[in-house]
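Enquirer: I have a structure here, written as structure tokens, and I will follow up with some questions on it.
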Amino acid sequence: MLYSGISWSADGFTVDVIDEQGEQRQPSRLFGPRHTQELIRYLHGFEGELAAVVDSTNGVLDGRMMAEGLTVYRADPQHLGERPVFASVPATDIAAAARHGLGVLTRLQRDRGTQTGREPDLAEFARTSERALADWAGRRTCVSRGSGERREISLTFDDGPQPPYTGQVLDVLGRYDVPATFFCTGMYARAYPEYLARMLEEGHGIANHTWSHPMLFELTRAQLVEQLERTSEAIAAATDGRAPALFRPPYGSRTPEVLGWLAESGLTTVLWDVAPDDWQMPGADAIATTVVEQARPGSIVLLHDSGGDRSQTVAALAPMIEGLLERGFSIVPVEQQLAPAAPAAALAGGRR
């Protein structure tokens, strides 16, 4: 059995592979965010059974690895040492934790993603945050939908930008001249600035989705601030200095304390009220039908353009858009719903 620890930092992903005796099979190797496919090929190149292990603050890689046939585990904080403010623990530590106790780590499932086994925690923290969420919603610092005063809805896309699906999503939106809002991870925003430049040019909104897609309730305030600020800096660098005003928490993860920290950041937290669970790949027809049937004036729709195989999301977009237009909806960026008096061109940078 081989154990591969995969850590993240501002520079990308470091991979360390050890055997049953704890011996390194190859020297530790760094892969930049643009080279995740090479990382996957590297892991496939080892002979024998291999467990690829990420820590719970790394939610940007597992979906793609599982889509490519790798067996992926998640190591939680209790399995690892103290994390730096802006990085995971070293890859060597993650690999060692797997070697000493693979059975206590969580084997991830493709249709459940990095949150495998943490769904009860996410649900409980969401439940205990209901009062705080209502309070911050009343102050318009956290929203799940627009006002509904006009027959508008917003399509939003999480986890990118990353080829090939971000480009394919943009192609479909462009054919229908439909603007959306993209909640981008900092790691890939910095790696693929050309996608953000295209989003801006084509009139889409661009927002913050953390750097590495962690569960927010596992972060200290300092760690959360670094995730937010580094991501906003990466987005601004790719968009002529336009820092994002909106933020979406990965998995919708929150606690009353986290919601307070987010409000202090000056970003408006955006959740959703329509989620076809496209990342679970239920089929393009199911994705499109769910959105068209559940959409209401003011709805914010949660979709994904990265994080795994998003071919069904791309295939669902055309019938989804056509169905929404047939129902008389205008499809606008979230930014327009939250500031309905402002011209759409000013909010989204102008359409082509």
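Here's how to read the names in the structure tokens: chain A, B, ... by the order shown, residue numbers from 1 in each chain, ligand numbers from 1 in the order shown.
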Please give the complete set of residues from stretch 148-209 of chain A that DSSP, run on the backbone, assigns to strand (DSSP E or B), formatted as a list of chain:residue names.
Expert: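 Result set for stretch 148-209 of chain A (strand (DSSP E or B)): A:Glu152, A:Ile153, A:Ser154, A:Leu155, A:Thr156, A:Phe157, A:Asp158, A:Thr181, A:Phe182, A:Phe183, A:Cys184, A:Gly205, A:Ile206, A:Ala207, A:Asn208.
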Enquirer: Please save all heavy atoms of the selected residues as a compact mmCIF listing (two decimals), in the first residue's frame.
Expert:
# COMPACT_ATOMS: atom_id res chain seq x y z
N GLU A 152 -36.78 38.36 -12.01
CA GLU A 152 -35.37 38.13 -12.29
C GLU A 152 -34.87 36.94 -11.48
O GLU A 152 -35.31 36.72 -10.36
CB GLU A 152 -34.54 39.36 -11.90
CG GLU A 152 -34.84 40.60 -12.71
CD GLU A 152 -34.04 41.80 -12.23
OE1 GLU A 152 -33.58 41.79 -11.07
OE2 GLU A 152 -33.89 42.74 -13.03
N ILE A 153 -33.93 36.21 -12.07
CA ILE A 153 -33.20 35.17 -11.34
C ILE A 153 -31.73 35.27 -11.71
O ILE A 153 -31.37 35.90 -12.71
CB ILE A 153 -33.73 33.75 -11.63
CG1 ILE A 153 -33.30 33.29 -13.02
CG2 ILE A 153 -35.22 33.64 -11.46
CD1 ILE A 153 -33.30 31.80 -13.16
N SER A 154 -30.90 34.62 -10.91
CA SER A 154 -29.45 34.65 -11.15
C SER A 154 -28.90 33.23 -11.20
O SER A 154 -29.20 32.41 -10.32
CB SER A 154 -28.73 35.43 -10.05
OG SER A 154 -29.15 36.78 -10.03
N LEU A 155 -28.10 32.96 -12.22
CA LEU A 155 -27.33 31.71 -12.30
C LEU A 155 -25.95 31.99 -11.73
O LEU A 155 -25.30 32.97 -12.11
CB LEU A 155 -27.21 31.24 -13.75
CG LEU A 155 -28.51 31.00 -14.51
CD1 LEU A 155 -28.21 30.53 -15.94
CD2 LEU A 155 -29.39 29.98 -13.79
N THR A 156 -25.50 31.15 -10.82
CA THR A 156 -24.17 31.32 -10.23
C THR A 156 -23.38 30.02 -10.39
O THR A 156 -23.95 28.93 -10.37
CB THR A 156 -24.26 31.70 -8.74
OG1 THR A 156 -24.79 30.61 -7.99
CG2 THR A 156 -25.15 32.93 -8.54
N PHE A 157 -22.06 30.18 -10.52
CA PHE A 157 -21.18 29.03 -10.75
C PHE A 157 -20.02 29.09 -9.76
O PHE A 157 -19.32 30.09 -9.67
CB PHE A 157 -20.65 29.04 -12.19
CG PHE A 157 -21.72 28.87 -13.23
CD1 PHE A 157 -22.41 29.98 -13.71
CD2 PHE A 157 -22.06 27.62 -13.69
CE1 PHE A 157 -23.42 29.83 -14.65
CE2 PHE A 157 -23.07 27.46 -14.63
CZ PHE A 157 -23.75 28.56 -15.11
N ASP A 158 -19.80 27.97 -9.06
CA ASP A 158 -18.78 27.88 -8.02
C ASP A 158 -17.57 27.07 -8.46
O ASP A 158 -17.67 26.20 -9.33
CB ASP A 158 -19.35 27.22 -6.77
CG ASP A 158 -20.28 28.13 -5.98
OD1 ASP A 158 -20.64 29.21 -6.49
OD2 ASP A 158 -20.65 27.75 -4.85
N THR A 181 -22.99 35.01 -12.44
CA THR A 181 -22.00 35.39 -11.45
C THR A 181 -21.15 34.17 -11.12
O THR A 181 -21.69 33.10 -10.82
CB THR A 181 -22.66 35.94 -10.17
OG1 THR A 181 -23.40 37.11 -10.49
CG2 THR A 181 -21.60 36.29 -9.12
N PHE A 182 -19.83 34.33 -11.19
CA PHE A 182 -18.90 33.25 -10.94
C PHE A 182 -18.22 33.47 -9.58
O PHE A 182 -17.54 34.48 -9.38
CB PHE A 182 -17.84 33.17 -12.04
CG PHE A 182 -18.38 32.68 -13.36
CD1 PHE A 182 -19.03 33.53 -14.23
CD2 PHE A 182 -18.23 31.34 -13.72
CE1 PHE A 182 -19.53 33.08 -15.44
CE2 PHE A 182 -18.74 30.87 -14.92
CZ PHE A 182 -19.39 31.75 -15.79
N PHE A 183 -18.40 32.51 -8.68
CA PHE A 183 -17.74 32.54 -7.37
C PHE A 183 -16.44 31.74 -7.51
O PHE A 183 -16.46 30.50 -7.57
CB PHE A 183 -18.65 31.96 -6.30
CG PHE A 183 -19.80 32.88 -5.96
CD1 PHE A 183 -20.96 32.87 -6.70
CD2 PHE A 183 -19.69 33.78 -4.91
CE1 PHE A 183 -22.00 33.73 -6.41
CE2 PHE A 183 -20.73 34.65 -4.61
CZ PHE A 183 -21.89 34.63 -5.35
N CYS A 184 -15.33 32.45 -7.56
CA CYS A 184 -14.04 31.87 -7.94
C CYS A 184 -13.18 31.56 -6.73
O CYS A 184 -13.12 32.34 -5.78
CB CYS A 184 -13.29 32.83 -8.85
SG CYS A 184 -14.14 33.18 -10.40
N GLY A 205 -20.57 38.71 -13.43
CA GLY A 205 -20.09 39.08 -12.12
C GLY A 205 -19.02 38.10 -11.66
O GLY A 205 -19.03 36.92 -12.02
N ILE A 206 -18.08 38.59 -10.86
CA ILE A 206 -16.98 37.77 -10.34
C ILE A 206 -16.92 37.96 -8.83
O ILE A 206 -16.86 39.10 -8.36
CB ILE A 206 -15.64 38.14 -10.99
CG1 ILE A 206 -15.73 38.01 -12.52
CG2 ILE A 206 -14.52 37.27 -10.45
CD1 ILE A 206 -14.52 38.55 -13.26
N ALA A 207 -16.95 36.86 -8.09
CA ALA A 207 -17.05 36.93 -6.63
C ALA A 207 -16.07 35.97 -5.97
O ALA A 207 -15.43 35.14 -6.63
CB ALA A 207 -18.48 36.64 -6.19
N ASN A 208 -15.97 36.06 -4.66
CA ASN A 208 -14.97 35.37 -3.84
C ASN A 208 -15.55 34.06 -3.30
O ASN A 208 -16.66 34.04 -2.77
CB ASN A 208 -14.59 36.30 -2.68
CG ASN A 208 -13.42 35.83 -1.86
OD1 ASN A 208 -13.33 34.67 -1.49
ND2 ASN A 208 -12.53 36.76 -1.51
Enquirer: Name all residues at most 7 Å from A:Pro256 (count only C-alpha atoms; drop same-chain ones fewer than 2 positions away) and give them as a list in words.
Expert: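 In the requested form, the answer reads Ser129, Ala132, Arg254, Val258, Leu259 and Gly260 of chain A.
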Enquirer: For A:Ala91, which of A:Arg64, A:Arg29, A:Arg131, A:His209 is the closest residue, counting only C-alpha atoms?
Expert: A:Arg29
Enquirer: Name the residues in contact with stretch 273-281 of chain A at a cut-off of 7 Å, using only C-alpha atoms, excluding same-chain residues fewer than 6 positions from it; report them as a PyMOL selection string.
Expert: chain A and resi 111-112+144-145+287+290-291+294-295+299-304+310+312-313
Enquirer: List as an mmCIF file with all heavy atoms, in the first residue's frame the protein and nucleic acid residues near A:Glu229, meaning an atom at most 9 Å away when only C-alpha atoms are counted, but skip any in the same chain fewer than 4 places from it.
Expert:
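What follows is the written file selection-v2.cif:
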data_model
loop_
_atom_site.group_PDB
_atom_site.id
_atom_site.type_symbol
_atom_site.label_atom_id
_atom_site.label_comp_id
_atom_site.auth_asym_id
_atom_site.auth_seq_id
_atom_site.Cartn_x
_atom_site.Cartn_y
_atom_site.Cartn_z
ATOM 1 N N THR A 210 -13.299 31.770 -1.411
ATOM 2 C CA THR A 210 -12.126 31.340 -0.652
ATOM 3 C C THR A 210 -11.000 30.905 -1.585
ATOM 4 O O THR A 210 -11.186 30.762 -2.796
ATOM 5 C CB THR A 210 -12.396 30.226 0.368
ATOM 6 O OG1 THR A 210 -12.619 28.976 -0.305
ATOM 7 C CG2 THR A 210 -13.549 30.577 1.276
ATOM 8 N N TRP A 211 -9.844 30.668 -0.998
ATOM 9 C CA TRP A 211 -8.675 30.255 -1.774
ATOM 10 C C TRP A 211 -8.683 28.758 -2.052
ATOM 11 O O TRP A 211 -8.467 28.323 -3.183
ATOM 12 C CB TRP A 211 -7.402 30.614 -1.016
ATOM 13 C CG TRP A 211 -6.145 30.344 -1.786
ATOM 14 C CD1 TRP A 211 -5.443 29.170 -1.836
ATOM 15 C CD2 TRP A 211 -5.461 31.257 -2.637
ATOM 16 N NE1 TRP A 211 -4.361 29.293 -2.657
ATOM 17 C CE2 TRP A 211 -4.336 30.579 -3.173
ATOM 18 C CE3 TRP A 211 -5.674 32.595 -2.989
ATOM 19 C CZ2 TRP A 211 -3.440 31.183 -4.037
ATOM 20 C CZ3 TRP A 211 -4.777 33.201 -3.862
ATOM 21 C CH2 TRP A 211 -3.680 32.496 -4.370
ATOM 22 N N LEU A 224 -9.398 32.487 8.144
ATOM 23 C CA LEU A 224 -10.485 32.916 7.264
ATOM 24 C C LEU A 224 -10.132 34.228 6.573
ATOM 25 O O LEU A 224 -10.340 34.378 5.357
ATOM 26 C CB LEU A 224 -11.779 33.071 8.065
ATOM 27 C CG LEU A 224 -12.980 33.626 7.295
ATOM 28 C CD1 LEU A 224 -13.333 32.732 6.114
ATOM 29 C CD2 LEU A 224 -14.183 33.790 8.218
ATOM 30 N N VAL A 225 -9.602 35.171 7.325
ATOM 31 C CA VAL A 225 -9.240 36.463 6.742
ATOM 32 C C VAL A 225 -8.222 36.281 5.614
ATOM 33 O O VAL A 225 -8.333 36.906 4.545
ATOM 34 C CB VAL A 225 -8.694 37.406 7.832
ATOM 35 C CG1 VAL A 225 -8.040 38.628 7.197
ATOM 36 C CG2 VAL A 225 -9.818 37.841 8.765
ATOM 37 N N GLU A 233 -7.492 39.572 -3.671
ATOM 38 C CA GLU A 233 -6.317 40.116 -4.347
ATOM 39 C C GLU A 233 -6.092 39.440 -5.699
ATOM 40 O O GLU A 233 -5.756 40.105 -6.695
ATOM 41 C CB GLU A 233 -5.082 39.948 -3.466
ATOM 42 C CG GLU A 233 -5.066 40.848 -2.235
ATOM 43 C CD GLU A 233 -3.995 40.452 -1.232
ATOM 44 O OE1 GLU A 233 -3.226 39.511 -1.533
ATOM 45 O OE2 GLU A 233 -3.935 41.078 -0.159
ATOM 46 N N ALA A 234 -6.277 38.123 -5.757
ATOM 47 C CA ALA A 234 -6.090 37.402 -7.018
ATOM 48 C C ALA A 234 -7.132 37.838 -8.043
ATOM 49 O O ALA A 234 -6.823 37.999 -9.234
ATOM 50 C CB ALA A 234 -6.177 35.891 -6.780
ATOM 51 N N SER A 265 -15.847 41.523 7.236
ATOM 52 C CA SER A 265 -14.964 41.575 6.067
ATOM 53 C C SER A 265 -15.396 42.619 5.053
ATOM 54 O O SER A 265 -14.617 43.003 4.172
ATOM 55 C CB SER A 265 -14.910 40.204 5.377
ATOM 56 O OG SER A 265 -16.129 39.950 4.661
#
